[in-house]
$ cat final.txt   # compact mmCIF, C-alpha atoms and all ligand atoms
# COMPACT_ATOMS: atom_id res chain seq x y z
CA MET U 1 -18.56 21.72 -0.82
CA ASP U 2 -19.73 25.18 0.36
CA ALA U 3 -18.43 24.66 3.90
CA LEU U 4 -15.00 23.72 2.60
CA ILE U 5 -14.90 26.72 0.26
CA ARG U 6 -15.91 29.03 3.12
CA ARG U 7 -13.30 27.57 5.46
CA MET U 8 -10.57 27.96 2.87
CA ALA U 9 -11.68 31.50 2.02
CA GLU U 10 -11.11 32.44 5.66
CA GLU U 11 -7.50 31.35 5.24
CA GLY U 12 -7.16 33.32 1.99
CA TYR U 13 -7.59 30.45 -0.46
CA VAL U 14 -9.86 30.41 -3.49
CA PRO U 15 -10.89 27.42 -5.65
CA GLY U 16 -8.38 26.96 -8.45
CA SER U 17 -4.72 26.25 -8.97
CA PRO U 18 -1.49 28.18 -9.62
CA GLY U 19 -0.85 28.90 -13.29
CA SER U 20 2.53 27.22 -12.94
CA MET U 21 1.04 23.86 -12.05
CA GLU U 22 1.09 21.12 -14.66
CA THR U 23 -2.26 19.78 -15.85
CA SER U 24 -0.90 16.25 -15.51
CA ASP U 25 -0.38 16.81 -11.77
CA HIS U 26 -4.05 17.59 -11.45
CA ALA U 27 -4.99 14.50 -13.41
CA ILE U 28 -3.07 12.31 -10.96
CA GLU U 29 -4.63 13.92 -7.91
CA ALA U 30 -8.10 13.89 -9.42
CA GLU U 31 -7.72 10.19 -10.13
CA LEU U 32 -6.65 9.55 -6.54
CA CYS U 33 -9.87 11.20 -5.43
CA VAL U 34 -12.11 9.29 -7.81
CA ASN U 35 -10.66 6.05 -6.43
CA GLY U 36 -10.66 7.34 -2.87
CA ILE U 37 -12.89 6.25 -0.03
CA CYS U 38 -14.22 8.67 2.55
CA GLU U 39 -12.57 8.12 5.93
CA LYS U 40 -15.66 9.22 7.74
CA CYS U 41 -18.59 7.50 6.03
CA GLY U 42 -16.96 5.00 3.67
CA HIS U 43 -18.45 6.58 0.54
CA MET U 44 -16.49 5.60 -2.57
CA GLY U 45 -15.36 8.30 -5.00
CA LEU U 46 -14.31 11.71 -3.73
CA GLU U 47 -14.43 15.03 -5.56
CA TYR U 48 -11.14 16.72 -6.33
CA ALA U 49 -11.08 20.20 -4.81
CA PRO U 50 -7.98 22.31 -5.56
CA PHE U 51 -7.37 25.66 -3.85
CA VAL U 52 -4.78 28.38 -4.31
CA ASP U 53 -3.69 31.27 -2.11
CA ARG U 54 -4.12 34.37 -4.28
CA THR U 55 -1.12 36.19 -2.84
CA SER U 56 1.48 33.49 -2.17
CA GLN U 57 0.27 31.04 -4.90
CA ASP U 58 0.47 28.34 -2.25
CA PHE U 59 -1.47 25.28 -3.40
CA ARG U 60 -3.63 22.89 -1.36
CA ALA U 61 -5.92 20.17 -2.60
CA PHE U 62 -8.63 18.13 -0.94
CA GLY U 63 -10.65 15.04 -1.60
CA TYR U 64 -14.21 16.02 -0.85
CA CYS U 65 -16.97 13.59 0.05
CA SER U 66 -20.28 14.68 -1.47
CA GLU U 67 -22.07 12.20 0.77
CA CYS U 68 -21.13 13.55 4.21
CA GLY U 69 -19.12 16.72 3.49
CA TYR U 70 -15.85 15.39 4.88
CA ALA U 71 -12.74 16.89 3.24
CA GLU U 72 -9.38 15.15 3.39
CA GLU U 73 -6.27 17.13 2.49
CA LEU U 74 -4.19 15.40 -0.18
ZN ZN L 1 -18.13 10.78 3.56

$ encode --input "final.txt" --output "structure tokens"
Amino acid sequence: MDALIRRMAEEGYVPGSPGSMETSDHAIEAELCVNGICEKCGHMGLEYAPFVDRTSQDFRAFGYCSECGYAEEL
């Protein structure tokens, strides 16, 4: 997860989500991740990794594979 966090930090994003975002939206995306399969190594069950741009409040989320470190943007 560290590599993903570093990469996003370079683009101005920090782990988290905009205050305006509904909790239920996160629940849906998190569930997609849990049921997701890594494209790269086939590992089942991805970690939900939400990021927010501190200045613009732009939101991006990833499914992160703890097995191989692959991150797929949702
Ligand atoms: Zn993987």

$ closest_residue --input "final.txt" --among "U:Met44, U:Ala3, U:Ala49, U:Ala30" --to "ligand ZN 1 (chain L)" --atoms "all atoms listed in the file"
U:Met44

$ residues_near_ligand --input "final.txt" --ligand "ligand ZN 1 (chain L)" --cutoff "8 Å" --atoms "only C-alpha atoms and all ligand atoms" --output "CSV table (one decimal) with C-alpha atoms, keeping the file's coordinate frame"
chain,number,residue,atom,x,y,z
U,37,ILE,CA,-12.9,6.2,0.0
U,38,CYS,CA,-14.2,8.7,2.6
U,39,GLU,CA,-12.6,8.1,5.9
U,40,LYS,CA,-15.7,9.2,7.7
U,41,CYS,CA,-18.6,7.5,6.0
U,42,GLY,CA,-17.0,5.0,3.7
U,43,HIS,CA,-18.4,6.6,0.5
U,64,TYR,CA,-14.2,16.0,-0.8
U,65,CYS,CA,-17.0,13.6,0.0
U,66,SER,CA,-20.3,14.7,-1.5
U,67,GLU,CA,-22.1,12.2,0.8
U,68,CYS,CA,-21.1,13.6,4.2
U,69,GLY,CA,-19.1,16.7,3.5
U,70,TYR,CA,-15.8,15.4,4.9

$ closest_residue --input "final.txt" --among "U:Leu46, U:Val52, U:Leu32, U:Leu4" --to "Ser20 (chain U)" --atoms "all atoms listed in the file"
U:Val52

$ atom_distance --input "final.txt" --atom1 "CA of Thr55 (chain U)" --atom2 "CA of Met21 (chain U)"
15.5 Å

$ closest_residue --input "final.txt" --among "U:Val34, U:Ala27, U:Leu74, U:Asp53" --to "Met8 (chain U)" --atoms "only C-alpha atoms"
U:Asp53

$ atom_distance --input "final.txt" --atom1 "CA of Arg60 (chain U)" --atom2 "CA of Glu11 (chain U)"
11.4 Å

$ closest_residue --input "final.txt" --among "U:Glu10, U:Glu47, U:Asp25, U:Asp2" --to "Phe59 (chain U)" --atoms "all atoms listed in the file"
U:Asp25

$ closest_residue --input "final.txt" --among "U:Gly63, U:Ser17, U:Asp58, U:Gly12" --to "Gly45 (chain U)" --atoms "all atoms listed in the file"
U:Gly63

$ atom_distance --input "final.txt" --atom1 "CA of Ser56 (chain U)" --atom2 "CA of Gly36 (chain U)"
28.8 Å

$ closest_residue --input "final.txt" --among "U:Ile5, U:Cys33, U:Phe62, U:Thr23" --to "Pro50 (chain U)" --atoms "all atoms listed in the file"
U:Phe62

$ build_atoms --input "final.txt" --residues "region 33-68 of chain U" --atoms "N, CA and C atoms" --output "PDB file, in the coordinates of the input"
ATOM      1  N   CYS U  33      -8.601  10.888  -6.082  1.00  0.00           N
ATOM      2  CA  CYS U  33      -9.870  11.200  -5.430  1.00  0.00           C
ATOM      3  C   CYS U  33     -10.980  10.274  -5.908  1.00  0.00           C
ATOM      4  N   VAL U  34     -11.058  10.124  -7.223  1.00  0.00           N
ATOM      5  CA  VAL U  34     -12.110   9.290  -7.810  1.00  0.00           C
ATOM      6  C   VAL U  34     -12.055   7.880  -7.227  1.00  0.00           C
ATOM      7  N   ASN U  35     -10.832   7.399  -6.978  1.00  0.00           N
ATOM      8  CA  ASN U  35     -10.660   6.050  -6.430  1.00  0.00           C
ATOM      9  C   ASN U  35     -10.622   6.044  -4.906  1.00  0.00           C
ATOM     10  N   GLY U  36     -10.769   7.222  -4.324  1.00  0.00           N
ATOM     11  CA  GLY U  36     -10.660   7.340  -2.870  1.00  0.00           C
ATOM     12  C   GLY U  36     -11.931   6.931  -2.148  1.00  0.00           C
ATOM     13  N   ILE U  37     -11.761   6.604  -0.883  1.00  0.00           N
ATOM     14  CA  ILE U  37     -12.890   6.250  -0.030  1.00  0.00           C
ATOM     15  C   ILE U  37     -12.916   7.208   1.155  1.00  0.00           C
ATOM     16  N   CYS U  38     -14.082   7.719   1.461  1.00  0.00           N
ATOM     17  CA  CYS U  38     -14.220   8.670   2.550  1.00  0.00           C
ATOM     18  C   CYS U  38     -13.882   7.992   3.883  1.00  0.00           C
ATOM     19  N   GLU U  39     -12.992   8.644   4.635  1.00  0.00           N
ATOM     20  CA  GLU U  39     -12.570   8.120   5.930  1.00  0.00           C
ATOM     21  C   GLU U  39     -13.719   8.093   6.928  1.00  0.00           C
ATOM     22  N   LYS U  40     -14.627   9.020   6.745  1.00  0.00           N
ATOM     23  CA  LYS U  40     -15.660   9.220   7.740  1.00  0.00           C
ATOM     24  C   LYS U  40     -16.869   8.303   7.516  1.00  0.00           C
ATOM     25  N   CYS U  41     -17.359   8.255   6.253  1.00  0.00           N
ATOM     26  CA  CYS U  41     -18.590   7.500   6.030  1.00  0.00           C
ATOM     27  C   CYS U  41     -18.415   6.302   5.102  1.00  0.00           C
ATOM     28  N   GLY U  42     -17.200   6.146   4.512  1.00  0.00           N
ATOM     29  CA  GLY U  42     -16.960   5.000   3.670  1.00  0.00           C
ATOM     30  C   GLY U  42     -17.458   5.136   2.239  1.00  0.00           C
ATOM     31  N   HIS U  43     -17.975   6.315   1.894  1.00  0.00           N
ATOM     32  CA  HIS U  43     -18.450   6.580   0.540  1.00  0.00           C
ATOM     33  C   HIS U  43     -17.293   6.443  -0.450  1.00  0.00           C
ATOM     34  N   MET U  44     -17.549   5.788  -1.566  1.00  0.00           N
ATOM     35  CA  MET U  44     -16.490   5.600  -2.570  1.00  0.00           C
ATOM     36  C   MET U  44     -16.566   6.675  -3.639  1.00  0.00           C
ATOM     37  N   GLY U  45     -15.419   7.282  -3.954  1.00  0.00           N
ATOM     38  CA  GLY U  45     -15.360   8.300  -5.000  1.00  0.00           C
ATOM     39  C   GLY U  45     -15.474   9.689  -4.410  1.00  0.00           C
ATOM     40  N   LEU U  46     -14.329  10.357  -4.284  1.00  0.00           N
ATOM     41  CA  LEU U  46     -14.310  11.710  -3.730  1.00  0.00           C
ATOM     42  C   LEU U  46     -14.157  12.730  -4.863  1.00  0.00           C
ATOM     43  N   GLU U  47     -14.607  13.952  -4.581  1.00  0.00           N
ATOM     44  CA  GLU U  47     -14.430  15.030  -5.560  1.00  0.00           C
ATOM     45  C   GLU U  47     -13.096  15.707  -5.326  1.00  0.00           C
ATOM     46  N   TYR U  48     -12.420  16.020  -6.410  1.00  0.00           N
ATOM     47  CA  TYR U  48     -11.140  16.720  -6.330  1.00  0.00           C
ATOM     48  C   TYR U  48     -11.406  18.207  -6.144  1.00  0.00           C
ATOM     49  N   ALA U  49     -10.834  18.791  -5.097  1.00  0.00           N
ATOM     50  CA  ALA U  49     -11.080  20.200  -4.810  1.00  0.00           C
ATOM     51  C   ALA U  49      -9.758  20.945  -4.604  1.00  0.00           C
ATOM     52  N   PRO U  50      -9.244  21.561  -5.666  1.00  0.00           N
ATOM     53  CA  PRO U  50      -7.980  22.310  -5.560  1.00  0.00           C
ATOM     54  C   PRO U  50      -8.209  23.761  -5.129  1.00  0.00           C
ATOM     55  N   PHE U  51      -7.299  24.262  -4.307  1.00  0.00           N
ATOM     56  CA  PHE U  51      -7.370  25.660  -3.850  1.00  0.00           C
ATOM     57  C   PHE U  51      -6.003  26.311  -3.986  1.00  0.00           C
ATOM     58  N   VAL U  52      -6.036  27.628  -4.220  1.00  0.00           N
ATOM     59  CA  VAL U  52      -4.780  28.380  -4.310  1.00  0.00           C
ATOM     60  C   VAL U  52      -4.888  29.660  -3.493  1.00  0.00           C
ATOM     61  N   ASP U  53      -3.768  30.009  -2.842  1.00  0.00           N
ATOM     62  CA  ASP U  53      -3.690  31.270  -2.110  1.00  0.00           C
ATOM     63  C   ASP U  53      -3.367  32.361  -3.132  1.00  0.00           C
ATOM     64  N   ARG U  54      -4.264  33.346  -3.244  1.00  0.00           N
ATOM     65  CA  ARG U  54      -4.120  34.370  -4.280  1.00  0.00           C
ATOM     66  C   ARG U  54      -2.813  35.147  -4.188  1.00  0.00           C
ATOM     67  N   THR U  55      -2.329  35.382  -2.980  1.00  0.00           N
ATOM     68  CA  THR U  55      -1.120  36.190  -2.840  1.00  0.00           C
ATOM     69  C   THR U  55       0.162  35.369  -2.936  1.00  0.00           C
ATOM     70  N   SER U  56       0.226  34.265  -2.193  1.00  0.00           N
ATOM     71  CA  SER U  56       1.480  33.490  -2.170  1.00  0.00           C
ATOM     72  C   SER U  56       1.523  32.410  -3.248  1.00  0.00           C
ATOM     73  N   GLN U  57       0.377  32.123  -3.911  1.00  0.00           N
ATOM     74  CA  GLN U  57       0.270  31.040  -4.900  1.00  0.00           C
ATOM     75  C   GLN U  57       0.482  29.671  -4.266  1.00  0.00           C
ATOM     76  N   ASP U  58       0.363  29.614  -2.941  1.00  0.00           N
ATOM     77  CA  ASP U  58       0.470  28.340  -2.250  1.00  0.00           C
ATOM     78  C   ASP U  58      -0.714  27.469  -2.663  1.00  0.00           C
ATOM     79  N   PHE U  59      -0.448  26.181  -2.874  1.00  0.00           N
ATOM     80  CA  PHE U  59      -1.470  25.280  -3.400  1.00  0.00           C
ATOM     81  C   PHE U  59      -1.832  24.201  -2.384  1.00  0.00           C
ATOM     82  N   ARG U  60      -3.139  23.984  -2.207  1.00  0.00           N
ATOM     83  CA  ARG U  60      -3.630  22.890  -1.360  1.00  0.00           C
ATOM     84  C   ARG U  60      -4.785  22.216  -2.071  1.00  0.00           C
ATOM     85  N   ALA U  61      -4.841  20.901  -1.944  1.00  0.00           N
ATOM     86  CA  ALA U  61      -5.920  20.170  -2.600  1.00  0.00           C
ATOM     87  C   ALA U  61      -6.574  19.205  -1.615  1.00  0.00           C
ATOM     88  N   PHE U  62      -7.858  18.983  -1.829  1.00  0.00           N
ATOM     89  CA  PHE U  62      -8.630  18.130  -0.940  1.00  0.00           C
ATOM     90  C   PHE U  62      -9.422  17.103  -1.737  1.00  0.00           C
ATOM     91  N   GLY U  63      -9.682  15.992  -1.095  1.00  0.00           N
ATOM     92  CA  GLY U  63     -10.650  15.040  -1.600  1.00  0.00           C
ATOM     93  C   GLY U  63     -11.929  15.286  -0.812  1.00  0.00           C
ATOM     94  N   TYR U  64     -12.981  15.636  -1.523  1.00  0.00           N
ATOM     95  CA  TYR U  64     -14.210  16.020  -0.850  1.00  0.00           C
ATOM     96  C   TYR U  64     -15.282  14.957  -1.014  1.00  0.00           C
ATOM     97  N   CYS U  65     -15.907  14.596   0.089  1.00  0.00           N
ATOM     98  CA  CYS U  65     -16.970  13.590   0.050  1.00  0.00           C
ATOM     99  C   CYS U  65     -18.315  14.292  -0.109  1.00  0.00           C
ATOM    100  N   SER U  66     -18.994  14.026  -1.219  1.00  0.00           N
ATOM    101  CA  SER U  66     -20.280  14.680  -1.470  1.00  0.00           C
ATOM    102  C   SER U  66     -21.382  14.057  -0.616  1.00  0.00           C
ATOM    103  N   GLU U  67     -21.079  12.915  -0.041  1.00  0.00           N
ATOM    104  CA  GLU U  67     -22.070  12.200   0.770  1.00  0.00           C
ATOM    105  C   GLU U  67     -22.208  12.814   2.168  1.00  0.00           C
ATOM    106  N   CYS U  68     -21.058  13.058   2.832  1.00  0.00           N
ATOM    107  CA  CYS U  68     -21.130  13.550   4.210  1.00  0.00           C
ATOM    108  C   CYS U  68     -20.441  14.890   4.418  1.00  0.00           C
TER     109      CYS U  68
END
